[in-house]
2 protein chains.
Amino acid sequence: MDTVLVDFLESRSENSGNPHMARLVTLLEEFMMGGKRIRPVLTVMGWQAAGGESSDLAAVVRVAASLEMFHAFALIHDDIMDDSDTRRGRPTVHRVLAGERGDDRAERFGMGAAVLLGDLAFAWSDQLLHTANLTAVQSAAVLPLVGEMRTEVMFGQYLDLRATGELTDDVDATLTVNRYKTAKYTVERPLHIGAALAGAGAEALAACSAFALPLGEAFQLRDDLLGVYGDVRDTGKSRLDDLRAGKNTTLVALALRAGDAAQGARLRALIGDPQLDEAGAEEVRALFASTGARDAVERMIDERLRQALRALETAPFTADAVTALKQLAVTATRRNS
Amino acid sequence: MDTVLVDFLESRSENSGNPHMARLVTLLEEFMMGGKRIRPVLTVMGWQAAGGESSDLAAVVRVAASLEMFHAFALIHDDIMDDSDTRRGRPTVHRVLAGERGDDRAERFGMGAAVLLGDLAFAWSDQLLHTANLTAVQSAAVLPLVGEMRTEVMFGQYLDLRATGELTDDVDATLTVNRYKTAKYTVERPLHIGAALAGAGAEALAACSAFALPLGEAFQLRDDLLGVYGDVRDTGKSRLDDLRAGKNTTLVALALRAGDAAQGARLRALIGDPQLDEAGAEEVRALFASTGARDAVERMIDERLRQALRALETAPFTADAVTALKQLAVTATRRNS
């Protein structure tokens, strides 16, 4: 799949014949080289699960590449909104672009240029999709799913942004955001899209959802934990970002719900403080432990992983796909990066 | 076409069953109600020029609506990058959204939420396109043009952003930005897309370009003048925004080229000053007059309008379309809004 992405990007650079475009393409290419590729992998697995024919492989890989390009768009815009400094172990795109300008407009330029580079990645993900040589039947099945996926992740991001800095103990509300911005976007829709390419019917698509939604929620819950406890050498992201931004994760909501008044007040004072340092973060981590929130999130992950694995038992998938999906479910929820 | 847009947006609101989504949809709907609709009009004209069959009208209108939705995306992001306060006579989307939040995160929230609402409009423009019931032949002709259009406008916006705040007297560089961000995006590609829907061949598409590129350049040159001389009651935009942002328009480049050292120094001090007031803007206008830059831009507009009208004389278009395109060319370059 990486070959498809690199070839596509090189062609964009060459077609333009413009050094500024070449620079943007290089930046995007570098940004895309560190990803976990979870969505493309799931696209291919969904296609295998629904018994896809190997003659369609090239088309499936191109659609998978299109989802990875779309994800580059989503991450670049996400980092702007969260004002993050690092991603995948390197400076975020808006920081790199700001650094290319020395005057007092550097930050605004970096932000605006990164919005545009994200927009380009979005447009190019669509071009990859349109040049995948899908049959009319495949297009009719896949394009509506892609449309829903895009709307869902953007709406999830919007709900997340609304909740940021306005901490509540409403655990269900945090799980709703999780479902839109991660469970559907990262797991369910890529599986659906792959399965639809193989001509999956309603039953197979429903089986994808039964596996994907609990797994996707568990994936995001793991992400919430890694955002606070992860090692930057593994995750590539600072473990202060989420706390400084005041992300209202399920972990935070559980701690607020379980904590007493004094603990709640400390959590509210620390989470969302843009100046929070490592000592303050350590205090938050201690509160997540003493309120039992950390353990509760681990239990929620286990529960959802079991639910996902149970869904595979009755799913009308090929045996090879079931084995691969089981393995993926375990690594996606036990990861440290 | 407005009916298509309103029906589509209402369905997005209803499908979600979520009041936050309903609010976003209403905001986008209100934002879209004041536009000039130049791109959809040109799409229909391109289709008429190439002899489109009336049985295709519904599909053409839906594609036209898709371009208008894409334009909403482009404007919302443009206003964020320029940090503009008003658009179409009302507060810009990021200002409205910032106003919905009272705390010290209001501005960041408004920016992030507007990026996301823009992204949604982009995704939805694609859904309008995919549900236009195009034939396989129409899709194969139109989708690559849409892809190029998107890349061109984003790249043009990027070049524009790079040049903003770094004033030069390089008139050609300003015209290159103009070509990408306006001439191709606003005039050439909508005409191409409409003509392609009617099955236009290479000759008709080339005739579209011969008319569209000079007209599009003239359109942007008029926009540059209106950005400085227009009446906010007509344009809906403050005539201080471009000057405060330090937009490196052709008008500015011509003034810098023609002015003496003292005039150049004043222009550089005033243009790009975020605190510029009406008195400062008046001084800039006086310099545009005394350097002859304003008159020079008017001459460039006339010249390009004549070139566009000349191109129509030999274009293989239907007679009705030629009449309509002539009229549009004159109003688009003589407008005051």
# chains A, B, ... in the order shown; residues from 1 in each chain; ligands from 1
$ interface_residues --of "chain A" --to "chain B" --cutoff "7 Å" --atoms "only C-alpha atoms" --output "ChimeraX atom specification"
/A:81,109,112-113,116,120,123,127,147,150-151,154,158,161
$ residues_around --residues "range 190-201 of chain B" --least-positions-apart "2" --cutoff "6 Å" --atoms "only C-alpha atoms" --output "ChimeraX atom specification"
/B:39,42-44,46-47,50,52,138,141-142,187-188,203-205
$ residues_around --residues "Asn178 in chain B" --least-positions-apart "2" --cutoff "12 Å" --atoms "only C-alpha atoms" --output "ChimeraX atom specification"
/B:152-153,155-160,163,171-176,180-187,213-224,247-251
$ calpha_fit_and_write --fixed "chain A" --moving "chain B" --output "compact mmCIF listing (two decimals) with C-alpha atoms, in the first residue's frame"
# COMPACT_ATOMS: atom_id res chain seq x y z
CA MET B 1 0.00 0.00 0.01
CA ASP B 2 2.86 2.38 0.75
CA THR B 3 3.94 2.06 -2.88
CA VAL B 4 0.49 3.23 -3.99
CA LEU B 5 0.71 6.24 -1.69
CA VAL B 6 4.24 7.16 -2.70
CA ASP B 7 3.50 6.77 -6.43
CA PHE B 8 0.39 8.90 -6.12
CA LEU B 9 2.16 11.65 -4.19
CA GLU B 10 5.10 11.69 -6.58
CA SER B 11 2.70 12.13 -9.49
CA ARG B 12 1.04 15.09 -7.73
CA SER B 13 4.44 16.66 -7.28
CA GLU B 14 5.49 16.09 -10.89
CA ASN B 15 2.19 17.23 -12.41
CA SER B 16 2.43 20.57 -10.68
CA GLY B 17 6.00 21.32 -11.78
CA ASN B 18 6.11 23.79 -8.89
CA PRO B 19 8.70 23.68 -6.07
CA HIS B 20 6.16 24.85 -3.45
CA MET B 21 3.89 21.95 -4.33
CA ALA B 22 6.85 19.57 -4.26
CA ARG B 23 7.66 20.81 -0.74
CA LEU B 24 4.07 20.25 0.45
CA VAL B 25 4.06 16.76 -1.02
CA THR B 26 7.33 15.87 0.71
CA LEU B 27 5.97 17.12 4.02
CA LEU B 28 2.85 14.99 3.66
CA GLU B 29 4.89 11.98 2.59
CA GLU B 30 7.14 12.26 5.65
CA PHE B 31 4.11 12.71 7.89
CA MET B 32 2.49 9.56 6.53
CA MET B 33 5.50 7.32 7.01
CA GLY B 34 5.07 6.61 10.72
CA GLY B 35 1.44 5.45 10.91
CA LYS B 36 0.09 2.20 12.36
CA ARG B 37 -1.96 1.61 9.17
CA ILE B 38 -4.82 0.18 11.20
CA ARG B 39 -7.58 1.40 8.85
CA PRO B 40 -6.01 0.01 5.66
CA VAL B 41 -5.30 -3.29 7.44
CA LEU B 42 -8.94 -3.49 8.53
CA THR B 43 -10.13 -2.68 5.01
CA VAL B 44 -8.18 -5.64 3.66
CA MET B 45 -9.39 -7.84 6.53
CA GLY B 46 -13.02 -6.86 5.88
CA TRP B 47 -12.61 -7.83 2.27
CA GLN B 48 -11.00 -11.16 3.21
CA ALA B 49 -13.67 -11.82 5.85
CA ALA B 50 -16.41 -11.43 3.23
CA GLY B 51 -14.62 -13.79 0.84
CA GLY B 52 -13.13 -11.27 -1.59
CA GLU B 53 -11.67 -12.52 -4.88
CA SER B 54 -7.93 -12.02 -5.28
CA SER B 55 -8.51 -10.44 -8.71
CA ASP B 56 -9.83 -7.41 -6.81
CA LEU B 57 -6.73 -7.02 -4.66
CA ALA B 58 -5.30 -3.99 -6.49
CA ALA B 59 -8.59 -2.12 -6.14
CA VAL B 60 -8.85 -3.03 -2.44
CA VAL B 61 -5.31 -1.81 -1.77
CA ARG B 62 -6.03 1.48 -3.51
CA VAL B 63 -9.19 2.03 -1.45
CA ALA B 64 -7.17 1.17 1.67
CA ALA B 65 -4.55 3.74 0.64
CA SER B 66 -7.34 6.26 0.19
CA LEU B 67 -8.45 5.71 3.80
CA GLU B 68 -4.89 6.17 5.03
CA MET B 69 -4.63 9.44 3.07
CA PHE B 70 -7.95 10.56 4.58
CA HIS B 71 -6.54 9.73 7.99
CA ALA B 72 -3.53 11.97 7.33
CA PHE B 73 -6.02 14.79 6.69
CA ALA B 74 -7.89 14.02 9.93
CA LEU B 75 -4.70 13.92 12.03
CA ILE B 76 -3.28 17.15 10.59
CA HIS B 77 -6.50 19.00 11.41
CA ASP B 78 -6.77 17.28 14.81
CA ASP B 79 -3.29 18.45 15.77
CA ILE B 80 -4.18 22.02 14.82
CA MET B 81 -7.33 21.92 16.96
CA ASP B 82 -5.48 20.43 19.91
CA ASP B 83 -2.47 22.69 19.31
CA SER B 84 -0.23 19.63 19.68
CA ASP B 85 3.54 19.89 19.33
CA THR B 86 4.39 16.34 18.36
CA ARG B 87 2.88 13.45 16.40
CA ARG B 88 4.49 10.17 15.46
CA GLY B 89 7.60 11.31 17.30
CA ARG B 90 8.12 14.38 15.15
CA PRO B 91 6.91 17.99 15.22
CA THR B 92 3.31 18.33 14.01
CA VAL B 93 2.66 19.70 10.51
CA HIS B 94 1.55 23.15 11.69
CA ARG B 95 4.71 23.44 13.78
CA VAL B 96 6.96 22.45 10.88
CA LEU B 97 5.26 24.95 8.58
CA ALA B 98 5.39 27.71 11.20
CA GLY B 99 9.11 27.05 11.49
CA GLU B 100 9.58 27.81 7.79
CA ARG B 101 8.72 31.43 8.45
CA GLY B 102 10.68 33.72 10.72
CA ASP B 103 8.38 36.69 11.28
CA ASP B 104 5.60 37.36 13.78
CA ARG B 105 3.08 35.75 11.43
CA ALA B 106 4.82 32.37 11.73
CA GLU B 107 2.22 30.76 13.99
CA ARG B 108 -0.78 31.94 11.96
CA PHE B 109 0.97 30.89 8.75
CA GLY B 110 1.71 27.44 10.16
CA MET B 111 -1.90 26.98 11.21
CA GLY B 112 -3.36 28.15 7.89
CA ALA B 113 -0.89 26.23 5.75
CA ALA B 114 -1.52 23.05 7.76
CA VAL B 115 -5.29 23.47 7.33
CA LEU B 116 -4.63 23.63 3.57
CA LEU B 117 -2.25 20.66 3.51
CA GLY B 118 -4.91 18.69 5.41
CA ASP B 119 -7.50 19.79 2.85
CA LEU B 120 -5.21 18.62 0.05
CA ALA B 121 -4.86 15.21 1.70
CA PHE B 122 -8.66 14.99 1.87
CA ALA B 123 -8.99 15.89 -1.83
CA TRP B 124 -6.28 13.40 -2.72
CA SER B 125 -7.87 10.60 -0.70
CA ASP B 126 -10.88 11.09 -2.93
CA GLN B 127 -8.75 10.94 -6.07
CA LEU B 128 -7.23 7.67 -4.89
CA LEU B 129 -10.74 6.33 -4.40
CA HIS B 130 -11.95 7.45 -7.82
CA THR B 131 -9.01 5.88 -9.58
CA ALA B 132 -9.37 2.48 -7.88
CA ASN B 133 -11.17 1.03 -10.91
CA LEU B 134 -14.15 -0.10 -8.89
CA THR B 135 -17.05 -1.76 -10.67
CA ALA B 136 -20.37 0.11 -10.69
CA VAL B 137 -21.66 -2.32 -8.07
CA GLN B 138 -18.62 -1.77 -5.83
CA SER B 139 -18.89 2.01 -6.15
CA ALA B 140 -22.57 1.96 -5.30
CA ALA B 141 -21.83 -0.10 -2.18
CA VAL B 142 -18.69 1.72 -1.02
CA LEU B 143 -19.25 5.43 -1.69
CA PRO B 144 -22.19 5.82 0.73
CA LEU B 145 -20.15 4.08 3.45
CA VAL B 146 -17.23 6.43 2.80
CA GLY B 147 -19.62 9.38 3.02
CA GLU B 148 -20.99 8.20 6.36
CA MET B 149 -17.51 7.53 7.69
CA ARG B 150 -16.38 11.06 6.91
CA THR B 151 -19.44 12.67 8.48
CA GLU B 152 -19.16 10.48 11.58
CA VAL B 153 -15.53 11.25 12.31
CA MET B 154 -15.94 15.00 11.77
CA PHE B 155 -19.01 15.07 13.96
CA GLY B 156 -17.19 13.03 16.59
CA GLN B 157 -14.30 15.46 16.49
CA TYR B 158 -16.76 18.33 16.89
CA LEU B 159 -18.37 16.70 19.95
CA ASP B 160 -14.90 16.06 21.35
CA LEU B 161 -13.92 19.68 20.84
CA ARG B 162 -17.12 20.90 22.51
CA ALA B 163 -16.42 18.74 25.54
CA THR B 164 -12.76 19.77 25.76
CA GLY B 165 -12.15 22.13 28.64
CA GLU B 166 -15.67 21.55 30.00
CA LEU B 167 -15.11 18.53 32.21
CA THR B 168 -18.11 16.47 33.24
CA ASP B 169 -18.59 13.12 34.95
CA ASP B 170 -21.01 12.05 32.21
CA VAL B 171 -19.37 8.75 31.24
CA ASP B 172 -22.00 7.98 28.60
CA ALA B 173 -21.37 11.28 26.84
CA THR B 174 -17.67 10.42 26.60
CA LEU B 175 -18.55 7.02 25.15
CA THR B 176 -20.76 8.65 22.51
CA VAL B 177 -17.84 10.80 21.38
CA ASN B 178 -15.65 7.69 21.41
CA ARG B 179 -18.13 5.83 19.19
CA TYR B 180 -18.27 8.56 16.52
CA LYS B 181 -14.68 9.65 16.44
CA THR B 182 -13.03 6.25 16.89
CA ALA B 183 -15.14 3.09 17.06
CA LYS B 184 -17.03 3.78 13.84
CA TYR B 185 -14.26 5.66 12.06
CA THR B 186 -11.28 3.50 12.95
CA VAL B 187 -12.77 0.02 13.05
CA GLU B 188 -16.37 -0.35 11.85
CA ARG B 189 -16.28 1.66 8.61
CA PRO B 190 -12.93 0.33 7.31
CA LEU B 191 -14.23 -3.23 7.86
CA HIS B 192 -17.54 -2.31 6.20
CA ILE B 193 -15.78 -0.75 3.24
CA GLY B 194 -13.56 -3.78 2.74
CA ALA B 195 -16.49 -6.17 3.12
CA ALA B 196 -18.60 -4.11 0.70
CA LEU B 197 -15.82 -4.36 -1.89
CA ALA B 198 -16.26 -8.14 -1.66
CA GLY B 199 -20.01 -7.79 -2.13
CA ALA B 200 -20.99 -8.38 1.52
CA GLY B 201 -24.70 -8.37 2.32
CA ALA B 202 -26.54 -6.96 5.32
CA GLU B 203 -25.74 -9.94 7.54
CA ALA B 204 -21.99 -9.74 7.04
CA LEU B 205 -22.02 -5.97 7.54
CA ALA B 206 -23.95 -6.40 10.80
CA ALA B 207 -21.38 -8.97 11.94
CA CYS B 208 -18.64 -6.45 11.18
CA SER B 209 -20.40 -3.93 13.43
CA ALA B 210 -20.89 -6.43 16.24
CA PHE B 211 -17.15 -7.03 16.30
CA ALA B 212 -16.01 -3.53 15.44
CA LEU B 213 -17.95 -1.28 17.78
CA PRO B 214 -16.83 -2.84 21.09
CA LEU B 215 -13.28 -3.27 19.74
CA GLY B 216 -13.22 0.34 18.53
CA GLU B 217 -14.38 1.60 21.90
CA ALA B 218 -11.69 -0.45 23.60
CA PHE B 219 -9.12 0.91 21.15
CA GLN B 220 -10.02 4.50 22.09
CA LEU B 221 -10.07 3.68 25.82
CA ARG B 222 -6.53 2.32 25.41
CA ASP B 223 -5.65 5.52 23.57
CA ASP B 224 -7.03 7.58 26.46
CA LEU B 225 -4.79 5.64 28.87
CA LEU B 226 -1.76 5.97 26.59
CA GLY B 227 -2.39 9.71 26.35
CA VAL B 228 -1.69 9.93 30.10
CA TYR B 229 0.51 6.91 30.87
CA GLY B 230 2.21 6.16 27.55
CA ASP B 231 5.89 6.60 26.89
CA VAL B 232 6.56 9.27 24.27
CA ARG B 233 9.24 6.99 22.79
CA ASP B 234 6.48 4.48 22.01
CA THR B 235 3.50 6.70 21.26
CA GLY B 236 5.27 9.60 19.55
CA LYS B 237 2.96 11.97 21.43
CA SER B 238 3.63 13.96 24.57
CA ARG B 239 1.72 12.58 27.54
CA LEU B 240 0.96 16.11 28.69
CA ASP B 241 -1.04 17.13 25.57
CA ASP B 242 -4.39 15.55 26.46
CA LEU B 243 -4.23 16.78 30.05
CA ARG B 244 -3.21 20.30 29.12
CA ALA B 245 -5.90 20.46 26.43
CA GLY B 246 -8.51 19.40 29.00
CA LYS B 247 -9.71 16.36 27.03
CA ASN B 248 -12.86 15.00 28.63
CA THR B 249 -12.02 11.31 28.20
CA THR B 250 -13.89 8.41 29.76
CA LEU B 251 -10.97 8.09 32.18
CA VAL B 252 -11.49 11.67 33.35
CA ALA B 253 -15.28 11.29 33.62
CA LEU B 254 -14.89 8.12 35.70
CA ALA B 255 -12.43 9.82 38.05
CA LEU B 256 -14.74 12.80 38.48
CA ARG B 257 -17.68 10.51 39.17
CA ALA B 258 -15.84 8.31 41.70
CA GLY B 259 -13.78 11.01 43.40
CA ASP B 260 -14.84 13.00 46.46
CA ALA B 261 -15.23 16.79 46.39
CA ALA B 262 -11.56 17.49 47.14
CA GLN B 263 -10.34 15.04 44.49
CA GLY B 264 -12.79 16.49 41.96
CA ALA B 265 -11.58 20.03 42.66
CA ARG B 266 -7.92 19.01 42.17
CA LEU B 267 -8.74 17.20 38.92
CA ARG B 268 -10.63 20.23 37.63
CA ALA B 269 -7.76 22.54 38.58
CA LEU B 270 -5.09 20.40 36.93
CA ILE B 271 -6.79 19.05 33.79
CA GLY B 272 -7.06 21.82 31.21
CA ASP B 273 -4.26 23.90 32.68
CA PRO B 274 -2.16 24.78 29.62
CA GLN B 275 0.91 25.19 31.87
CA LEU B 276 0.56 21.76 33.51
CA ASP B 277 4.01 20.26 34.21
CA GLU B 278 5.15 16.68 34.83
CA ALA B 279 4.62 17.05 38.60
CA GLY B 280 1.03 18.14 38.02
CA ALA B 281 0.51 15.28 35.59
CA GLU B 282 1.87 12.87 38.23
CA GLU B 283 -0.72 14.18 40.68
CA VAL B 284 -3.47 13.59 38.10
CA ARG B 285 -2.20 10.03 37.56
CA ALA B 286 -2.26 9.43 41.31
CA LEU B 287 -5.88 10.63 41.39
CA PHE B 288 -6.79 8.33 38.49
CA ALA B 289 -5.34 5.48 40.57
CA SER B 290 -6.85 6.40 43.95
CA THR B 291 -10.34 7.00 42.50
CA GLY B 292 -10.14 3.62 40.78
CA ALA B 293 -10.71 5.24 37.38
CA ARG B 294 -7.62 3.71 35.80
CA ASP B 295 -8.60 0.19 36.84
CA ALA B 296 -12.16 0.82 35.73
CA VAL B 297 -10.99 1.76 32.24
CA GLU B 298 -8.84 -1.38 32.08
CA ARG B 299 -11.92 -3.43 33.01
CA MET B 300 -13.98 -1.67 30.33
CA ILE B 301 -11.31 -2.53 27.77
CA ASP B 302 -11.30 -6.21 28.81
CA GLU B 303 -15.07 -6.39 28.70
CA ARG B 304 -15.23 -4.87 25.21
CA LEU B 305 -12.43 -7.07 23.94
CA ARG B 306 -14.32 -10.15 25.15
CA GLN B 307 -17.51 -8.88 23.49
CA ALA B 308 -15.67 -8.35 20.20
CA LEU B 309 -14.13 -11.83 20.33
CA ARG B 310 -17.53 -13.35 21.12
CA ALA B 311 -19.02 -11.63 18.07
CA LEU B 312 -16.44 -13.39 15.90
CA GLU B 313 -17.69 -16.81 17.04
CA THR B 314 -20.92 -16.45 15.08
CA ALA B 315 -19.73 -14.13 12.30
CA PRO B 316 -20.14 -15.44 8.72
CA PHE B 317 -16.47 -14.73 7.98
CA THR B 318 -13.77 -16.86 6.38
CA ALA B 319 -11.71 -18.85 8.92
CA ASP B 320 -8.46 -17.07 8.03
CA ALA B 321 -10.10 -13.69 8.56
CA VAL B 322 -11.43 -14.72 11.99
CA THR B 323 -7.93 -15.73 13.07
CA ALA B 324 -6.47 -12.45 11.82
CA LEU B 325 -9.23 -10.34 13.40
CA LYS B 326 -8.76 -12.09 16.75
CA GLN B 327 -5.08 -11.33 16.74
CA LEU B 328 -5.69 -7.73 15.72
CA ALA B 329 -8.27 -7.27 18.47
CA VAL B 330 -5.79 -8.37 21.11
CA THR B 331 -2.88 -6.28 19.85
CA ALA B 332 -5.06 -3.19 19.33
CA THR B 333 -6.20 -3.22 22.95
CA ARG B 334 -2.92 -4.33 24.54
CA ARG B 335 -0.62 -2.01 22.60
CA ASN B 336 1.75 0.53 24.11
CA SER B 337 1.94 2.82 21.07
$ select_by_dssp --residues "range 84-181 of chain B" --states "strand (DSSP E or B)" --output "CSV table (one decimal) with N, CA, C and O atoms, in the first residue's frame"
chain,number,residue,atom,x,y,z
B,86,THR,N,-16.2,39.3,9.1
B,86,THR,CA,-17.5,39.3,8.4
B,86,THR,C,-17.4,38.7,7.0
B,86,THR,O,-16.3,38.7,6.4
B,87,ARG,N,-18.5,38.1,6.6
B,87,ARG,CA,-18.6,37.5,5.3
B,87,ARG,C,-20.1,37.5,4.9
B,87,ARG,O,-20.9,37.2,5.7
B,90,ARG,N,-22.5,39.1,7.4
B,90,ARG,CA,-22.7,38.6,8.7
B,90,ARG,C,-21.4,38.1,9.3
B,90,ARG,O,-20.4,38.0,8.6
B,91,PRO,N,-21.4,37.9,10.7
B,91,PRO,CA,-20.1,37.4,11.3
B,91,PRO,C,-19.7,36.1,10.6
B,91,PRO,O,-20.6,35.3,10.2
$ select_by_dssp --residues "range 132-270 of chain B" --states "alpha helix (DSSP H)" --output "JSON, numbers by chain"
{"B": [136, 137, 138, 139, 140, 141, 142, 143, 144, 145, 146, 147, 148, 149, 150, 151, 152, 153, 154, 155, 156, 157, 158, 159, 160, 161, 162, 163, 171, 172, 173, 174, 175, 176, 177, 178, 189, 190, 191, 192, 193, 194, 195, 196, 197, 202, 203, 204, 205, 206, 207, 208, 209, 210, 211, 212, 213, 214, 215, 216, 217, 218, 219, 220, 221, 222, 223, 224, 225, 226, 227, 228, 229, 232, 233, 234, 235, 241, 242, 243, 244, 245, 250, 251, 252, 253, 254, 255, 256, 257, 258, 261, 262, 263, 264, 265, 266, 267, 268, 269, 270]}
